[in-house]
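K.L.:
I'm passing along entry_15.cif; it holds mmCIF, C-alpha atoms and all ligand atoms.
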```cif
data_final
loop_
_atom_site.label_atom_id
_atom_site.label_comp_id
_atom_site.auth_asym_id
_atom_site.auth_seq_id
_atom_site.Cartn_x
_atom_site.Cartn_y
_atom_site.Cartn_z
CA MET A 236 0.00 0.00 0.00
CA ILE A 237 1.23 3.49 -0.89
CA GLU A 238 0.21 6.28 1.44
CA LEU A 239 0.88 9.95 0.83
CA LYS A 240 -0.09 12.26 3.68
CA ASN A 241 -0.29 16.04 3.26
CA ILE A 242 2.59 16.26 0.80
CA HIS A 243 3.91 19.73 0.01
CA LYS A 244 6.77 20.31 -2.43
CA THR A 245 8.28 23.65 -3.29
CA PHE A 246 11.22 24.36 -5.57
CA PRO A 247 13.43 27.42 -5.20
CA SER A 248 12.78 29.95 -7.93
CA LYS A 249 15.61 30.37 -10.41
CA LYS A 250 15.40 34.18 -10.29
CA ASN A 251 15.34 34.48 -6.49
CA GLY A 252 11.62 35.17 -6.61
CA GLU A 253 8.82 33.34 -4.82
CA PRO A 254 9.42 29.57 -4.46
CA ILE A 255 7.47 27.42 -6.93
CA THR A 256 4.79 25.29 -5.31
CA ALA A 257 4.63 22.00 -7.24
CA LEU A 258 2.52 20.08 -4.70
CA SER A 259 0.15 21.48 -2.15
CA ASP A 260 -1.31 19.28 0.60
CA VAL A 261 -1.65 16.12 -1.51
CA SER A 262 -3.02 13.05 0.25
CA LEU A 263 -3.59 9.75 -1.56
CA THR A 264 -3.86 6.09 -0.66
CA VAL A 265 -3.17 3.42 -3.25
CA GLN A 266 -4.41 0.02 -2.05
CA LYS A 267 -2.34 -3.10 -2.48
CA GLY A 268 -2.94 -4.72 -5.86
CA GLU A 269 -4.80 -1.86 -7.52
CA ILE A 270 -3.96 0.24 -10.55
CA PHE A 271 -4.24 3.90 -9.59
CA GLY A 272 -4.01 6.64 -12.19
CA VAL A 273 -3.19 10.32 -11.69
CA ILE A 274 -4.29 12.56 -14.54
CA GLY A 275 -3.75 16.27 -15.08
CA TYR A 276 -2.67 18.80 -17.65
CA SER A 277 0.95 19.85 -18.10
CA GLY A 278 2.40 21.49 -14.99
CA ALA A 279 -0.27 20.03 -12.65
CA GLY A 280 2.40 18.39 -10.48
CA LYS A 281 2.05 14.75 -11.61
CA SER A 282 5.77 14.02 -12.16
CA THR A 283 6.72 15.67 -8.90
CA LEU A 284 4.08 13.57 -7.12
CA VAL A 285 5.24 10.25 -8.54
CA ARG A 286 8.89 11.13 -7.87
CA CYS A 287 8.03 11.88 -4.23
CA VAL A 288 6.77 8.30 -3.84
CA ASN A 289 10.30 6.88 -4.15
CA HIS A 290 11.94 10.05 -2.81
CA LEU A 291 13.63 10.89 -6.11
CA GLU A 292 12.15 14.20 -4.97
CA VAL A 293 12.09 14.64 -1.20
CA PRO A 294 8.83 16.31 -0.11
CA THR A 295 9.22 19.68 1.60
CA SER A 296 6.74 18.39 4.18
CA GLY A 297 4.33 15.49 4.55
CA GLU A 298 4.82 11.76 4.80
CA VAL A 299 5.29 8.95 2.27
CA SER A 300 4.91 5.34 3.34
CA ILE A 301 5.06 2.08 1.42
CA ASN A 302 3.58 -0.99 3.11
CA GLY A 303 3.60 0.94 6.37
CA ASN A 304 7.31 1.90 6.18
CA VAL A 305 7.76 5.67 6.33
CA LEU A 306 10.37 6.78 3.78
CA ASN A 307 10.96 10.16 5.46
CA ASP A 308 12.55 8.53 8.52
CA MET A 309 14.93 6.26 6.61
CA THR A 310 18.73 6.39 6.48
CA THR A 311 20.33 6.50 3.02
CA GLU A 312 20.96 2.75 3.18
CA GLN A 313 17.38 1.98 4.28
CA LEU A 314 16.07 4.20 1.48
CA ARG A 315 18.26 2.39 -1.07
CA GLN A 316 16.78 -0.92 0.05
CA ALA A 317 13.23 0.43 0.10
CA ARG A 318 13.66 1.66 -3.48
CA GLN A 319 14.36 -1.88 -4.64
CA ASN A 320 10.78 -2.60 -3.73
CA ILE A 321 9.58 0.26 -5.98
CA GLY A 322 10.11 -0.20 -9.72
CA MET A 323 9.80 2.76 -12.07
CA ILE A 324 9.31 3.17 -15.81
CA PHE A 325 9.61 6.42 -17.75
CA GLN A 326 8.40 8.04 -20.96
CA GLY A 327 12.00 8.03 -22.33
CA PHE A 328 12.70 4.37 -21.33
CA ASN A 329 16.12 5.27 -19.78
CA LEU A 330 17.98 2.26 -21.25
CA LEU A 331 21.79 2.03 -21.45
CA LYS A 332 22.51 2.56 -25.15
CA THR A 333 25.86 0.77 -25.03
CA ALA A 334 24.54 -2.39 -23.38
CA ASN A 335 22.45 -5.12 -24.97
CA VAL A 336 19.01 -6.10 -23.67
CA TYR A 337 20.40 -8.80 -21.37
CA ASP A 338 22.89 -6.41 -19.75
CA ASN A 339 20.33 -3.61 -19.44
CA ILE A 340 18.51 -5.89 -17.02
CA ALA A 341 21.53 -7.72 -15.59
CA ILE A 342 23.77 -4.75 -14.71
CA PRO A 343 21.41 -3.11 -12.17
CA LEU A 344 20.83 -6.54 -10.59
CA LYS A 345 24.61 -7.07 -10.31
CA LEU A 346 24.98 -3.65 -8.69
CA THR A 347 22.50 -4.64 -6.01
CA GLY A 348 24.44 -7.83 -5.24
CA VAL A 349 22.26 -10.46 -6.89
CA GLU A 350 24.17 -13.69 -7.70
CA LYS A 351 25.08 -14.52 -11.29
CA SER A 352 22.89 -17.64 -11.58
CA GLU A 353 19.92 -15.78 -10.06
CA ILE A 354 20.52 -12.88 -12.48
CA LYS A 355 20.29 -15.25 -15.46
CA LYS A 356 17.12 -16.81 -14.09
CA ARG A 357 15.47 -13.43 -13.56
CA VAL A 358 16.49 -11.95 -16.93
CA ASP A 359 15.06 -15.01 -18.72
CA LYS A 360 11.89 -14.99 -16.63
CA TYR A 361 11.06 -11.30 -17.08
CA LEU A 362 12.05 -11.13 -20.76
CA ASP A 363 9.65 -14.02 -21.26
CA ILE A 364 6.87 -12.15 -19.41
CA VAL A 365 7.32 -9.05 -21.58
CA GLY A 366 7.52 -11.15 -24.75
CA LEU A 367 11.15 -10.39 -25.71
CA LYS A 368 12.90 -13.68 -25.04
CA ASP A 369 14.47 -13.65 -28.50
CA LYS A 370 15.94 -10.11 -28.16
CA LYS A 371 18.54 -10.74 -25.43
CA ASP A 372 21.54 -9.87 -27.60
CA VAL A 373 20.04 -6.90 -29.35
CA PHE A 374 21.01 -3.27 -28.56
CA PRO A 375 18.39 -0.61 -27.75
CA ASN A 376 18.85 1.22 -31.08
CA GLN A 377 17.66 -1.95 -32.85
CA LEU A 378 14.36 -1.97 -30.93
CA SER A 379 11.06 -0.16 -31.53
CA GLY A 380 9.71 2.24 -28.88
CA GLY A 381 7.28 -0.39 -27.60
CA GLN A 382 10.06 -3.00 -27.37
CA LYS A 383 12.29 -0.52 -25.49
CA GLN A 384 9.49 0.06 -22.99
CA ARG A 385 9.10 -3.73 -22.61
CA VAL A 386 12.82 -4.00 -21.76
CA ALA A 387 12.40 -1.18 -19.24
CA ILE A 388 9.42 -3.01 -17.71
CA ALA A 389 11.42 -6.28 -17.52
CA ARG A 390 14.27 -4.35 -15.86
CA ALA A 391 11.88 -2.88 -13.28
CA LEU A 392 10.25 -6.27 -12.62
CA SER A 393 13.59 -8.08 -12.27
CA HIS A 394 14.01 -6.48 -8.81
CA GLU A 395 10.70 -8.17 -7.90
CA PRO A 396 9.07 -5.02 -6.50
CA ASP A 397 5.65 -4.75 -4.82
CA VAL A 398 5.04 -1.40 -6.48
CA LEU A 399 5.53 -0.14 -10.03
CA LEU A 400 5.52 3.61 -10.73
CA SER A 401 4.86 4.68 -14.29
CA ASP A 402 5.77 8.22 -15.36
CA GLU A 403 3.92 8.78 -18.68
CA ALA A 404 5.24 5.39 -19.88
CA THR A 405 3.09 5.34 -23.02
CA SER A 406 3.18 9.03 -23.95
CA ALA A 407 5.88 8.59 -26.61
CA LEU A 408 4.16 5.60 -28.24
CA ASP A 409 1.62 5.29 -31.08
CA PRO A 410 -1.95 4.20 -30.17
CA ASP A 411 -1.52 0.48 -31.01
CA THR A 412 1.79 0.21 -29.15
CA THR A 413 0.26 2.14 -26.23
CA ASP A 414 -2.52 -0.45 -26.06
CA SER A 415 -0.08 -3.36 -26.10
CA ILE A 416 1.95 -1.81 -23.25
CA LEU A 417 -1.26 -1.12 -21.27
CA ASN A 418 -2.28 -4.76 -21.77
CA LEU A 419 1.12 -5.80 -20.47
CA LEU A 420 0.64 -3.63 -17.35
CA LEU A 421 -2.77 -5.26 -16.81
CA LYS A 422 -1.15 -8.70 -17.09
CA ILE A 423 1.63 -7.79 -14.65
CA ASN A 424 -0.91 -6.46 -12.17
CA ALA A 425 -3.17 -9.52 -12.45
CA GLU A 426 -0.52 -12.24 -12.56
CA LEU A 427 2.21 -10.83 -10.31
CA GLY A 428 -0.08 -8.82 -8.00
CA ILE A 429 2.05 -5.69 -8.39
CA THR A 430 0.44 -2.41 -7.30
CA ILE A 431 0.71 0.19 -10.07
CA LEU A 432 0.67 3.98 -9.66
CA LEU A 433 0.76 5.73 -13.02
CA ILE A 434 0.63 9.30 -14.16
CA THR A 435 -0.72 10.35 -17.53
CA HIS A 436 -2.39 13.17 -19.39
CA GLU A 437 -4.44 10.70 -21.49
CA MET A 438 -7.96 9.63 -20.48
CA HIS A 439 -7.58 6.51 -22.63
CA VAL A 440 -4.90 5.22 -20.23
CA ILE A 441 -7.15 5.80 -17.22
CA GLN A 442 -10.21 4.16 -18.69
CA LYS A 443 -8.38 1.14 -20.07
CA ILE A 444 -6.51 -0.05 -17.00
CA CYS A 445 -7.15 2.00 -13.85
CA ASP A 446 -9.37 1.04 -10.91
CA ARG A 447 -9.21 4.47 -9.30
CA VAL A 448 -8.15 7.91 -10.47
CA ALA A 449 -7.05 11.22 -8.99
CA VAL A 450 -7.29 14.43 -10.98
CA MET A 451 -4.61 17.07 -10.34
CA GLU A 452 -4.51 20.78 -11.02
CA ASN A 453 -2.09 23.45 -9.77
CA GLY A 454 -0.34 21.00 -7.44
CA GLU A 455 -3.57 19.83 -5.78
CA VAL A 456 -5.73 16.73 -6.06
CA ILE A 457 -9.07 18.23 -7.05
CA GLU A 458 -11.04 14.99 -7.32
CA GLN A 459 -10.46 11.28 -6.75
CA GLY A 460 -12.48 8.09 -6.70
CA ASN A 461 -13.39 4.93 -8.60
CA VAL A 462 -12.96 5.47 -12.34
CA ILE A 463 -16.65 4.71 -12.98
CA ASP A 464 -17.83 7.21 -10.34
CA VAL A 465 -15.52 9.97 -11.53
CA TYR A 466 -16.43 9.39 -15.20
CA SER A 467 -20.17 9.24 -14.61
CA ALA A 468 -20.46 12.17 -12.20
CA PRO A 469 -17.40 14.44 -12.51
CA LYS A 470 -17.62 17.20 -9.89
CA HIS A 471 -14.86 19.60 -10.85
CA GLN A 472 -14.83 21.64 -14.06
CA THR A 473 -11.40 20.26 -15.06
CA THR A 474 -12.60 16.68 -14.55
CA ARG A 475 -15.63 17.44 -16.72
CA ARG A 476 -13.27 18.70 -19.42
CA PHE A 477 -11.34 15.44 -19.32
CA VAL A 478 -14.53 13.36 -19.45
CA ASN A 479 -16.04 15.47 -22.24
CA SER A 480 -12.82 15.03 -24.23
CA ILE A 481 -13.68 11.34 -24.73
CA PHE A 482 -17.16 12.25 -25.96
CA PRO A 483 -16.57 15.17 -28.31
CA SER A 484 -19.91 16.69 -29.24
CA ASP A 485 -20.42 17.33 -32.91
CA VAL A 486 -23.79 19.01 -32.39
CA PRO A 487 -23.56 22.69 -33.34
CA LYS A 488 -24.14 25.01 -30.38
CA ALA A 489 -26.57 27.18 -32.36
CA PHE A 490 -28.72 24.13 -33.19
CA ILE A 491 -28.87 23.13 -29.52
CA GLU A 492 -29.88 26.66 -28.51
CA GLN A 493 -32.70 26.55 -31.06
CA LEU A 494 -34.00 23.18 -29.77
CA GLU A 495 -33.92 24.26 -26.13
CA SER A 496 -37.11 26.31 -26.58
CA GLU A 497 -39.05 23.07 -27.27
CA GLY A 498 -37.74 20.95 -24.38
CA PRO A 499 -34.58 20.11 -22.49
CA ILE A 500 -31.33 18.91 -24.05
CA ILE A 501 -29.85 16.29 -21.77
CA ASP A 502 -26.69 14.26 -21.40
CA LEU A 503 -27.43 10.68 -20.38
CA THR A 504 -24.65 8.66 -18.84
CA PHE A 505 -25.01 4.90 -18.75
CA VAL A 506 -22.80 2.73 -16.58
CA GLY A 507 -22.37 -1.03 -16.60
CA THR A 508 -25.22 -3.21 -17.81
CA SER A 509 -27.63 -0.28 -18.07
CA ALA A 510 -25.55 0.83 -21.07
CA ASP A 511 -27.32 -1.92 -22.95
CA GLN A 512 -30.81 -0.94 -21.93
CA PRO A 513 -32.89 1.03 -24.38
CA ALA A 514 -34.08 3.32 -21.55
CA LEU A 515 -34.51 6.29 -23.84
CA SER A 516 -36.77 4.50 -26.29
CA THR A 517 -39.22 3.49 -23.53
CA VAL A 518 -39.55 7.13 -22.45
CA SER A 519 -41.41 8.20 -25.59
CA LYS A 520 -43.81 5.25 -25.20
CA ARG A 521 -44.59 5.94 -21.53
CA PHE A 522 -44.86 9.72 -21.63
CA ASN A 523 -46.20 12.32 -23.99
CA VAL A 524 -42.74 13.25 -25.31
CA ASP A 525 -40.65 12.80 -28.43
CA THR A 526 -36.98 11.91 -28.06
CA ASN A 527 -34.28 12.68 -30.54
CA ILE A 528 -30.67 11.52 -30.10
CA LEU A 529 -28.26 14.28 -31.10
CA SER A 530 -24.98 12.43 -30.49
CA GLY A 531 -23.75 9.39 -28.62
CA ASN A 532 -20.90 7.04 -27.92
CA ILE A 533 -19.96 4.11 -25.70
CA VAL A 534 -16.44 3.45 -24.42
CA GLN A 535 -15.15 0.49 -22.47
CA LEU A 536 -13.89 1.26 -18.98
CA LYS A 537 -11.66 -1.43 -17.46
CA GLU A 538 -14.56 -3.80 -16.85
CA HIS A 539 -17.75 -1.97 -17.73
CA PRO A 540 -19.23 -0.26 -20.75
CA PHE A 541 -19.75 3.46 -20.19
CA GLY A 542 -21.88 5.47 -22.55
CA LYS A 543 -23.03 8.99 -23.08
CA LEU A 544 -25.88 10.24 -25.23
CA THR A 545 -26.91 13.79 -25.88
CA ALA A 546 -30.64 13.83 -26.53
CA HIS A 547 -33.51 16.28 -27.00
CA ILE A 548 -36.73 15.58 -25.10
CA LYS A 549 -39.57 17.45 -26.74
CA GLY A 550 -42.94 17.93 -25.05
CA PRO A 551 -44.89 19.80 -22.34
CA LYS A 552 -42.78 20.59 -19.27
CA GLU A 553 -44.71 18.31 -16.89
CA GLU A 554 -44.19 15.39 -19.27
CA THR A 555 -40.47 16.08 -19.88
CA ASP A 556 -39.99 16.35 -16.09
CA LYS A 557 -41.63 12.92 -15.63
CA ALA A 558 -39.50 11.48 -18.42
CA LEU A 559 -36.28 12.75 -16.77
CA ALA A 560 -37.34 11.35 -13.37
CA TYR A 561 -38.09 7.99 -15.00
CA LEU A 562 -34.66 7.85 -16.64
CA GLU A 563 -32.99 8.52 -13.28
CA GLU A 564 -35.07 5.73 -11.72
CA GLN A 565 -33.64 3.40 -14.36
CA GLY A 566 -30.11 4.10 -13.09
CA VAL A 567 -29.21 6.51 -15.88
CA GLN A 568 -27.32 9.66 -14.85
CA VAL A 569 -29.10 12.64 -16.38
CA SER A 570 -27.76 16.17 -16.56
CA GLU A 571 -29.33 19.01 -18.42
CA VAL A 572 -27.19 20.77 -21.02
CA GLU A 573 -27.67 24.46 -20.37
CA GLN A 574 -27.11 27.21 -22.90
CA GLY A 575 -25.69 24.91 -25.48
CA TYR A 576 -23.23 22.08 -25.20
CA ASP A 577 -19.62 23.05 -24.76
CA SER A 578 -17.07 20.24 -24.75
CA ASN A 579 -14.47 22.55 -23.22
N1 LIG A 601 13.21 20.74 -10.47
C1 LIG A 601 12.32 21.74 -10.54
N2 LIG A 601 12.69 23.02 -10.29
C2 LIG A 601 11.79 24.04 -10.34
N3 LIG A 601 10.49 23.87 -10.64
C3 LIG A 601 10.06 22.62 -10.92
C4 LIG A 601 10.95 21.50 -10.88
N4 LIG A 601 10.23 20.38 -11.20
C5 LIG A 601 8.96 20.79 -11.42
N5 LIG A 601 8.85 22.12 -11.25
C6 LIG A 601 7.62 22.93 -11.38
O1 LIG A 601 6.61 22.30 -10.60
C7 LIG A 601 5.36 22.37 -11.29
C8 LIG A 601 4.82 20.95 -11.50
O2 LIG A 601 5.67 20.27 -12.44
P1 LIG A 601 5.51 18.74 -12.81
O3 LIG A 601 6.59 18.40 -13.80
O4 LIG A 601 5.42 17.94 -11.58
O5 LIG A 601 4.09 18.74 -13.54
P2 LIG A 601 3.46 17.65 -14.53
O6 LIG A 601 2.02 17.61 -14.22
O7 LIG A 601 4.22 16.40 -14.44
O8 LIG A 601 3.67 18.33 -15.95
P3 LIG A 601 4.16 17.65 -17.33
O9 LIG A 601 3.07 16.73 -17.75
O10 LIG A 601 4.33 18.83 -18.25
O11 LIG A 601 5.45 16.96 -17.02
C9 LIG A 601 5.61 23.12 -12.57
O12 LIG A 601 5.29 24.47 -12.35
C10 LIG A 601 7.08 22.95 -12.81
O13 LIG A 601 7.62 24.02 -13.54
#
```
Can you dump the structure from the file as structure tokens?

P.N.:
Amino acid sequence: MIELKNIHKTFPSKKNGEPITALSDVSLTVQKGEIFGVIGYSGAGKSTLVRCVNHLEVPTSGEVSINGNVLNDMTTEQLRQARQNIGMIFQGFNLLKTANVYDNIAIPLKLTGVEKSEIKKRVDKYLDIVGLKDKKDVFPNQLSGGQKQRVAIARALSHEPDVLLSDEATSALDPDTTDSILNLLLKINAELGITILLITHEMHVIQKICDRVAVMENGEVIEQGNVIDVYSAPKHQTTRRFVNSIFPSDVPKAFIEQLESEGPIIDLTFVGTSADQPALSTVSKRFNVDTNILSGNIVQLKEHPFGKLTAHIKGPKEETDKALAYLEEQGVQVSEVEQGYDSN
């Protein structure tokens, strides 16, 4: 379990001005065995946060603990040992260019005192897990970006950590390669039970593999929770922007404004099995309203379908009110789109 309590991090300003606050009172708990994602725009403080977890950045104040061991209190030697339990992968892979794949994994193991026969066993085991058994003798410049990241993952796993930190590990990869690396992280989490804390600026990464998510802005966590809850009822404006970004509306604002005079425009969010229910179609049969779908899409969250429709409900106010209440009873999240839909 990773526990961050009231973390503050400031950096001295380069021009002797005010110190830069990168993290402000951040508290997070990542449960053992889960995949936890931190999302935010550039400069939100994500990298600083993830680097505080293994004390690559030492927090200005606040406490970091892994499996109950508080990193702040540790001696240099204790911290070195604790870090072996925390693997990390990076956007830029950080491989040794002059060493082949085998040595990229073997050298760090040798430096931590692992025996030669054990090193061979581990390199073989983890190259097999990442699907690169046949690339042992190859040098990094002969590998694709996805293969380089697989080597980096094997290197991190070879220390047999409980925790894997991922700092934008798929940001430099194309969409298909990103998906294959995300599938590999899912496999590692499921089969080896490794807890994963990842940071990203891509919603796709969150929805594909994360159980829980925290949203960061200006060095603060502005919202956190189960991915399904945060996606279906985002509270903060920035979270809504992220969620809307996966459902870009192609309905012209002027058209929506024109329709609004004849009845509400609503966003309907479906979670889990209710995504398959034709709730909207029953509404026009039960009540004196006409429904018209303006746009819609369904995405797959880690385990559940999650859909959003923008629809126009046309009819007398008392009937449209009843229709909206009925939809909510059916487990559909309904929110009225006011003054035209704006995906930003
Ligand atoms: N070593 C440093 N010295 C001074 N300021 C820093 C340092 N590292 C980060 N910062 C500042 O702290 C803030 C948060 O940066 P951080 O890199 O953690 O954000 P981020 O969300 O990871 O952004 P990005 O996605 O662009 O990497 C920024 O204002 C940044 O300029």

K.L.:
List all protein, DNA and RNA residues that have any atom at most 9 Å from ligand LIG 601 (chain A), counting only C-alpha atoms and all ligand atoms, and write the list as an MDAnalysis selection string.

P.N.:
chainID A and resid 244:249 254:258 274:286 292 402:403 434:436 451:454

K.L.:
Point out the residue among A:Lys371, A:Arg318, A:Lys537, A:His394 with the least atom-to-atom distance to Gly348 of chain A, counting all atoms listed in the file.

P.N.:
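For Gly348 of chain A, the nearest of the candidates is A:His394.
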
K.L.:
Choose the residue, out of A:Leu417, A:Ile444, A:Ala317, A:Ile500, that has the smallest atom-to-atom separation from Ile270 of chain A; count all atoms listed in the file.

P.N.:
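Looking only at the distances to Ile270 of chain A, the closest residue turns out to be A:Ile444.
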
K.L.:
Give the answer as one residue: which of A:Gly366, A:Gly381, A:Gly498, A:Gly428 has the shortest atom-to-atom distance to Met236 of chain A, using all atoms listed in the file?

P.N.:
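Using all atoms listed in the file, the shortest distance to Met236 of chain A belongs to A:Gly428.
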
K.L.:
Name the residues in contact with segment 474-479 of chain A at a cut-off of 8 Å, using all atoms listed in the file, excluding same-chain residues fewer than 2 positions from it; report them as a PyMOL selection string.

P.N.:
chain A and resi 438+450+458+465-466+469-472+481-483+578-579

K.L.:
In Å, how far is it from atom CA of Asp409 of chain A to atom CA of Gly380 of chain A?

P.N.:
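Distance reported for this atom pair: 8.9 Å.
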
K.L.:
Rounded to one decimal, what separation in Å do you get between atom CA of Thr347 of chain A and atom CA of Arg315 of chain A?

P.N.:
9.6 Å

K.L.:
Which neighbours of Ile463 of chain A fall inside 10 Å, counting all atoms listed in the file, when residues of the same chain fewer than 3 positions from it are skipped, and could you give them as a list in words?

P.N.:
Gln442, Cys445, Asp446, Arg447, Val448, Gly460, Tyr466, Ser467, Ala468, Pro469, Val506, Gly507, Leu536, Lys537, Glu538, His539, Pro540 and Phe541 of chain A

K.L.:
I'd like the interatomic distance between atom CA of Glu350 of chain A and atom CA of Leu392 of chain A, to a tenth of an Å.

P.N.:
16.5 Å

K.L.:
Tell me which of A:Lys520, A:Gln316, A:Leu378, A:Leu400 sits closest to Cys287 of chain A, counting all atoms listed in the file.

P.N.:
A:Leu400

K.L.:
Could you check which of A:Gln313, A:Ser393, A:Thr430, A:Asn307 is closest to Lys356 of chain A, using only C-alpha atoms?

P.N.:
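The answer is A:Ser393, which sits nearest to Lys356 of chain A.
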
K.L.:
Taking all atoms listed in the file into account, name the residue in A:Lys370, A:Lys443, A:His290, A:Lys552 that is nearest to Leu239 of chain A.

P.N.:
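That would be A:His290, the residue with the smallest distance to Leu239 of chain A.
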
K.L.:
Applying 8 Å and all atoms listed in the file, which residues near Asn241 of chain A remain after dropping the ones on its own chain fewer than 2 positions away? List them as a ChimeraX atom specification.

P.N.:
/A:239,243,259-262,296-298

K.L.:
Which centre and which edge lengths, in Å to one decimal, describe the axis-aligned box that holds all listed atoms of segment 240-243 of chain A after 4 Å is added on each side, as JSON?

P.N.:
```
{"center_x": 1.8, "center_y": 16.0, "center_z": 1.8, "size_x": 12.2, "size_y": 15.5, "size_z": 11.7}
```

K.L.:
Tell me which protein, DNA and RNA residues are within 12 Å of Leu408 of chain A, counting only C-alpha atoms, leaving out same-chain ones fewer than 6 positions away, and put them as a PDB file with C-alpha atoms, in the coordinates of the input.

P.N.:
```
ATOM      1  CA  PHE A 325       9.610   6.420 -17.750  1.00  0.00           C
ATOM      2  CA  GLN A 326       8.400   8.040 -20.960  1.00  0.00           C
ATOM      3  CA  GLY A 327      12.000   8.030 -22.330  1.00  0.00           C
ATOM      4  CA  PHE A 328      12.700   4.370 -21.330  1.00  0.00           C
ATOM      5  CA  SER A 379      11.060  -0.160 -31.530  1.00  0.00           C
ATOM      6  CA  GLY A 380       9.710   2.240 -28.880  1.00  0.00           C
ATOM      7  CA  GLY A 381       7.280  -0.390 -27.600  1.00  0.00           C
ATOM      8  CA  GLN A 382      10.060  -3.000 -27.370  1.00  0.00           C
ATOM      9  CA  LYS A 383      12.290  -0.520 -25.490  1.00  0.00           C
ATOM     10  CA  GLN A 384       9.490   0.060 -22.990  1.00  0.00           C
ATOM     11  CA  ARG A 385       9.100  -3.730 -22.610  1.00  0.00           C
ATOM     12  CA  ASP A 414      -2.520  -0.450 -26.060  1.00  0.00           C
ATOM     13  CA  SER A 415      -0.080  -3.360 -26.100  1.00  0.00           C
ATOM     14  CA  ILE A 416       1.950  -1.810 -23.250  1.00  0.00           C
ATOM     15  CA  LEU A 417      -1.260  -1.120 -21.270  1.00  0.00           C
TER      16      LEU A 417
END
```
